[in-house]
Amino acid sequence: MQYIDLRSDTVTQPTQAMRDAMANAVVGDDVFGDDPTLQDLEAYAAERLGKEAALFVTSGMQGNACALLAHTRRGDCVVIDPHSHISEHEAGSYGQLAGVSLRFPKSTDGTMDPASVRACLTDDSDLQVAPATLVVMENAHSSGAVVPLENMRAVYETAHAAGAAVHLDGARLFNAAAALDISDVRELTQYCDTVMCCLSKGLCAPVGSVLAGPKDLIWRARRARRILGGGMRQGGFLAAAGLVALRDMPARIPEDHENAKHLGSLLSAIDGVHIFADRIQIDMVFFTADWDADKAARYPTWMLEHGVKVTGCMGGEYRMVCHYGVTRADCEATAALVRQFAAEG
């Protein structure tokens, strides 16, 4: 059975061009530093993201962990949005691996108040207080919202004025750029010292992310990747798909955004379904529903039985994500099924 899969944009299948590139990739041993395809990806990613150097990592979570390990010392504090991916969905790796604590400024869907960020930026003059040495932004935010460029600039300047570095969790960086009508992502990455960008979400690569930044920080991140078991040997097979992802796939991301808006409009017309319309800024649709606990529990199973893969209720909300494998017709079929499910007793 062919399913419509709306669980995440991580479920995308590699394109034929990616499969061909992987089959024909020239590879070496990356631990010895002689995998040419992986080196090509890292050089291209650094240029595309506007940084001196880049590092291929297995996942966005590994990339963020390497960034924290490169930027901070154990006992430091990181200033970050309270509902960011690092703080909520990376298994507490910031504490387990980097040994840092988190401090939360006032923030709405990733847009942090610069004055509140400044208030969080303690130095090491008080022995009782952990020094805040890093600020982390996330754009696009996991809520589906996009952080305005002006806010990124203000937070970046606030952090640097206090002597703190800035890392950008850009898992969906190209989605943020498309939503802001920015053709060159370097307009966003100029406001961070390091940036992590996923290749395996809306860009369709089968595995991997890239972390980019200054050469010295990327060298420290490379050591951190090694500590985390990230020596991938013939990683060029994966890098070959990543190159196609970075070069060819960002241009089609607006299609996913338009499909999400269309899906949201269809779902909003269903009785008992309430869309967060203001957060349909990228490829995600969030909604709540007037369903009791039993009906909510049946929802993902019922949808699966009818050919659509969805996630259940998380934090009181439901989410659907459009991507390369989801068409406009798929959105319409999904909305029709939700309407049918909502109407059932």
# chains A, B, ... in the order shown; residues from 1 in each chain; ligands from 1

call {"tool": "residues_around", "arguments": {"residues": "Asn24 in chain A", "least_positions_apart": "2", "cutoff": "12 Å", "atoms": "only C-alpha atoms", "output": "NGL selection string"}}
result
:A and (17-22 or 26-27 or 37 or 236-241)

call {"tool": "write_last_selection", "arguments": {"atoms": "C-alpha atoms", "output": "CSV table (one decimal), in the first residue's frame"}}
result
chain,number,residue,atom,x,y,z
A,17,ALA,CA,19.8,12.1,-8.8
A,18,MET,CA,20.9,11.4,-5.2
A,19,ARG,CA,20.9,7.7,-5.8
A,20,ASP,CA,22.9,8.0,-8.9
A,21,ALA,CA,25.4,10.3,-7.2
A,22,MET,CA,25.8,7.8,-4.3
A,26,VAL,CA,34.5,8.5,-5.3
A,27,VAL,CA,35.3,7.8,-1.6
A,37,THR,CA,33.4,13.6,-2.0
A,236,GLY,CA,31.4,10.1,0.7
A,237,PHE,CA,28.5,7.9,-0.3
A,238,LEU,CA,26.3,10.0,2.0
A,239,ALA,CA,28.1,13.2,1.2
A,240,ALA,CA,27.3,12.7,-2.5
A,241,ALA,CA,23.6,12.8,-1.8

call {"tool": "select_by_dssp", "arguments": {"residues": "range 105-322 of chain A", "states": "strand (DSSP E)", "output": "PyMOL selection string"}}
result
chain A and resi 107-108+111-112+132-138+165-170+194-198+209-213+273-275+284-289+308-309+318-321

call {"tool": "write_last_selection", "arguments": {"atoms": "N, CA and C atoms", "output": "CSV table (one decimal), in the first residue's frame"}}
result
chain,number,residue,atom,x,y,z
A,107,SER,N,10.6,34.7,25.2
A,107,SER,CA,10.6,34.3,23.8
A,107,SER,C,9.3,33.8,23.3
A,108,THR,N,8.9,34.1,22.1
A,108,THR,CA,7.7,33.6,21.5
A,108,THR,C,8.0,32.9,20.2
A,111,THR,N,11.4,33.7,18.6
A,111,THR,CA,11.8,35.1,18.6
A,111,THR,C,12.1,35.6,20.0
A,112,MET,N,13.4,35.7,20.3
A,112,MET,CA,13.8,36.0,21.7
A,112,MET,C,13.9,37.5,21.9
A,132,ALA,N,27.3,32.7,31.2
A,132,ALA,CA,26.6,32.4,29.9
A,132,ALA,C,27.5,32.7,28.7
A,133,THR,N,28.0,31.7,28.1
A,133,THR,CA,29.0,31.9,27.0
A,133,THR,C,28.5,31.7,25.6
A,134,LEU,N,27.2,31.2,25.5
A,134,LEU,CA,26.7,30.9,24.2
A,134,LEU,C,25.2,31.3,24.1
A,135,VAL,N,24.8,31.9,23.0
A,135,VAL,CA,23.4,32.1,22.7
A,135,VAL,C,23.0,31.2,21.5
A,136,VAL,N,21.9,30.5,21.6
A,136,VAL,CA,21.4,29.6,20.5
A,136,VAL,C,20.1,30.2,20.0
A,137,MET,N,20.1,30.4,18.7
A,137,MET,CA,18.8,30.7,18.0
A,137,MET,C,18.4,29.5,17.2
A,138,GLU,N,17.1,29.4,16.9
A,138,GLU,CA,16.6,28.4,16.0
A,138,GLU,C,15.7,29.0,14.9
A,165,ALA,N,29.2,33.9,22.2
A,165,ALA,CA,29.1,33.5,20.8
A,165,ALA,C,27.7,33.1,20.5
A,166,VAL,N,27.4,32.9,19.2
A,166,VAL,CA,26.0,32.6,18.8
A,166,VAL,C,26.1,31.4,17.9
A,167,HIS,N,25.2,30.4,18.2
A,167,HIS,CA,25.0,29.2,17.3
A,167,HIS,C,23.6,29.3,16.8
A,168,LEU,N,23.4,28.9,15.5
A,168,LEU,CA,22.1,28.9,14.9
A,168,LEU,C,21.8,27.4,14.6
A,169,ASP,N,20.7,26.9,15.3
A,169,ASP,CA,20.1,25.6,14.9
A,169,ASP,C,19.3,25.9,13.7
A,170,GLY,N,19.9,25.7,12.5
A,170,GLY,CA,19.2,25.9,11.2
A,170,GLY,C,18.8,24.6,10.6
A,194,THR,N,28.3,30.0,14.4
A,194,THR,CA,28.2,28.6,13.8
A,194,THR,C,26.8,28.4,13.4
A,195,VAL,N,26.6,27.5,12.4
A,195,VAL,CA,25.2,27.1,12.0
A,195,VAL,C,25.2,25.7,11.7
A,196,MET,N,24.1,25.0,12.1
A,196,MET,CA,23.9,23.6,11.7
A,196,MET,C,22.7,23.6,10.8
A,197,CYS,N,22.8,22.9,9.7
A,197,CYS,CA,21.8,22.8,8.7
A,197,CYS,C,21.5,21.3,8.3
A,198,CYS,N,20.3,20.9,8.4
A,198,CYS,CA,20.0,19.5,8.1
A,198,CYS,C,19.8,19.3,6.6
A,209,SER,N,23.7,16.1,8.3
A,209,SER,CA,23.6,17.5,8.4
A,209,SER,C,25.0,18.1,8.3
A,210,VAL,N,25.1,19.4,8.2
A,210,VAL,CA,26.4,20.1,8.2
A,210,VAL,C,26.5,21.1,9.3
A,211,LEU,N,27.6,21.3,9.9
A,211,LEU,CA,27.9,22.3,10.8
A,211,LEU,C,29.0,23.2,10.3
A,212,ALA,N,28.8,24.5,10.2
A,212,ALA,CA,29.7,25.4,9.6
A,212,ALA,C,30.0,26.5,10.5
A,213,GLY,N,31.3,27.1,10.4
A,213,GLY,CA,31.7,28.2,11.2
A,213,GLY,C,33.2,28.5,11.0
A,273,VAL,N,-12.0,21.2,14.5
A,273,VAL,CA,-10.6,21.3,14.2
A,273,VAL,C,-10.1,22.8,14.2
A,274,HIS,N,-9.1,23.1,15.0
A,274,HIS,CA,-8.7,24.5,15.1
A,274,HIS,C,-7.2,24.7,14.7
A,275,ILE,N,-7.0,25.4,13.6
A,275,ILE,CA,-5.7,25.5,13.1
A,275,ILE,C,-5.0,26.7,13.7
A,284,MET,N,4.8,23.2,7.9
A,284,MET,CA,4.1,22.5,9.0
A,284,MET,C,2.7,23.1,9.3
A,285,VAL,N,1.8,22.2,9.6
A,285,VAL,CA,0.5,22.6,10.0
A,285,VAL,C,0.2,22.1,11.4
A,286,PHE,N,-0.1,23.0,12.4
A,286,PHE,CA,-0.4,22.6,13.8
A,286,PHE,C,-1.9,22.8,14.0
A,287,PHE,N,-2.5,21.9,14.8
A,287,PHE,CA,-3.9,22.2,15.1
A,287,PHE,C,-4.3,21.5,16.4
A,288,THR,N,-5.4,21.9,17.0
A,288,THR,CA,-6.0,21.2,18.1
A,288,THR,C,-7.4,20.7,17.6
A,289,ALA,N,-8.0,19.8,18.4
A,289,ALA,CA,-9.3,19.2,18.0
A,289,ALA,C,-10.1,19.0,19.2
A,308,VAL,N,-3.0,7.1,5.5
A,308,VAL,CA,-2.2,8.3,5.8
A,308,VAL,C,-1.5,8.1,7.1
A,309,LYS,N,-0.2,8.3,7.1
A,309,LYS,CA,0.6,8.3,8.3
A,309,LYS,C,0.7,9.6,9.0
A,318,TYR,N,-1.7,18.6,17.4
A,318,TYR,CA,-1.4,17.7,16.3
A,318,TYR,C,-0.6,18.4,15.2
A,319,ARG,N,0.2,17.7,14.5
A,319,ARG,CA,1.1,18.3,13.5
A,319,ARG,C,1.0,17.5,12.2
A,320,MET,N,1.0,18.1,11.1
A,320,MET,CA,1.2,17.5,9.8
A,320,MET,C,2.3,18.3,9.1
A,321,VAL,N,3.2,17.6,8.3
A,321,VAL,CA,4.3,18.2,7.7
A,321,VAL,C,4.3,17.9,6.2

call {"tool": "closest_residue", "arguments": {"among": "A:Ala45, A:Val57, A:Ile182, A:Leu173", "to": "Gly231 in chain A", "atoms": "only C-alpha atoms"}}
result
A:Val57

call {"tool": "residues_around", "arguments": {"residues": "Asp124 in chain A", "least_positions_apart": "4", "cutoff": "12 Å", "atoms": "only C-alpha atoms", "output": "tab-separated table (two decimals) with C-alpha atoms, in the first residue's frame"}}
result
chain	number	residue	atom	x	y	z
A	75	GLY	CA	29.65	24.31	33.78
A	76	ASP	CA	28.87	27.10	31.31
A	77	CYS	CA	25.35	28.30	30.65
A	128	GLN	CA	27.77	31.53	42.42
A	129	VAL	CA	26.46	31.99	38.89
A	130	ALA	CA	27.25	29.94	35.79
A	131	PRO	CA	28.72	32.19	33.05
A	132	ALA	CA	26.58	32.38	29.91
A	133	THR	CA	29.00	31.93	27.01
A	162	ALA	CA	28.43	40.76	26.10
A	163	GLY	CA	31.25	38.53	24.84
A	164	ALA	CA	29.07	35.50	24.07

call {"tool": "closest_residue", "arguments": {"among": "A:Lys215, A:Arg223, A:Gly315, A:Pro82", "to": "Leu69 in chain A", "atoms": "only C-alpha atoms"}}
result
A:Arg223

call {"tool": "atom_distance", "arguments": {"atom1": "CA of Leu180 in chain A", "atom2": "CA of Leu203 in chain A"}}
result
17.6 Å

call {"tool": "closest_atom_pairs", "arguments": {"of": "range 160-240 of chain A", "to": "range 93-106 of chain A", "cutoff": "12 Å", "atoms": "only C-alpha atoms", "output": "CSV"}}
result
residue,atom,partner,partner_atom,distance
A:Ala221,CA,A:Ala98,CA,11.8
A:Ala224,CA,A:Leu97,CA,9.8
A:Arg225,CA,A:Leu97,CA,11.4
A:Ile227,CA,A:Leu97,CA,10.1
A:Leu228,CA,A:Leu97,CA,9.0

call {"tool": "atom_distance", "arguments": {"atom1": "CA of Met249 in chain A", "atom2": "CA of Arg172 in chain A"}}
result
12.4 Å

call {"tool": "closest_residue", "arguments": {"among": "A:Ala205, A:Leu266, A:Leu49, A:Ala159", "to": "Glu332 in chain A", "atoms": "only C-alpha atoms"}}
result
A:Leu266

call {"tool": "closest_residue", "arguments": {"among": "A:Thr10, A:Thr334, A:Ser268, A:Thr158", "to": "Lys201 in chain A", "atoms": "only C-alpha atoms"}}
result
A:Thr10

call {"tool": "atom_distance", "arguments": {"atom1": "CA of Ala260 in chain A", "atom2": "CA of Ala335 in chain A"}}
result
11.4 Å

call {"tool": "residues_around", "arguments": {"residues": "Gly325 in chain A", "least_positions_apart": "3", "cutoff": "12 Å", "atoms": "only C-alpha atoms", "output": "PyMOL selection string"}}
result
chain A and resi 2-15+201-204+252-253+255-256+259+321-322+328-331

call {"tool": "closest_residue", "arguments": {"among": "A:Ala91, A:Val146, A:Val310, A:Ala154", "to": "Asp109 in chain A", "atoms": "only C-alpha atoms"}}
result
A:Val146

call {"tool": "select_by_dssp", "arguments": {"residues": "range 10-96 of chain A", "states": "helix (DSSP H, G or I)", "output": "VMD selection string"}}
result
chain A and resid 10 to 11 16 to 23 30 to 32 36 to 49 60 to 71 85 to 88 93 to 96

call {"tool": "closest_residue", "arguments": {"among": "A:Asp81, A:Glu305, A:Asp294, A:Glu150", "to": "Cys120 in chain A", "atoms": "only C-alpha atoms"}}
result
A:Asp81
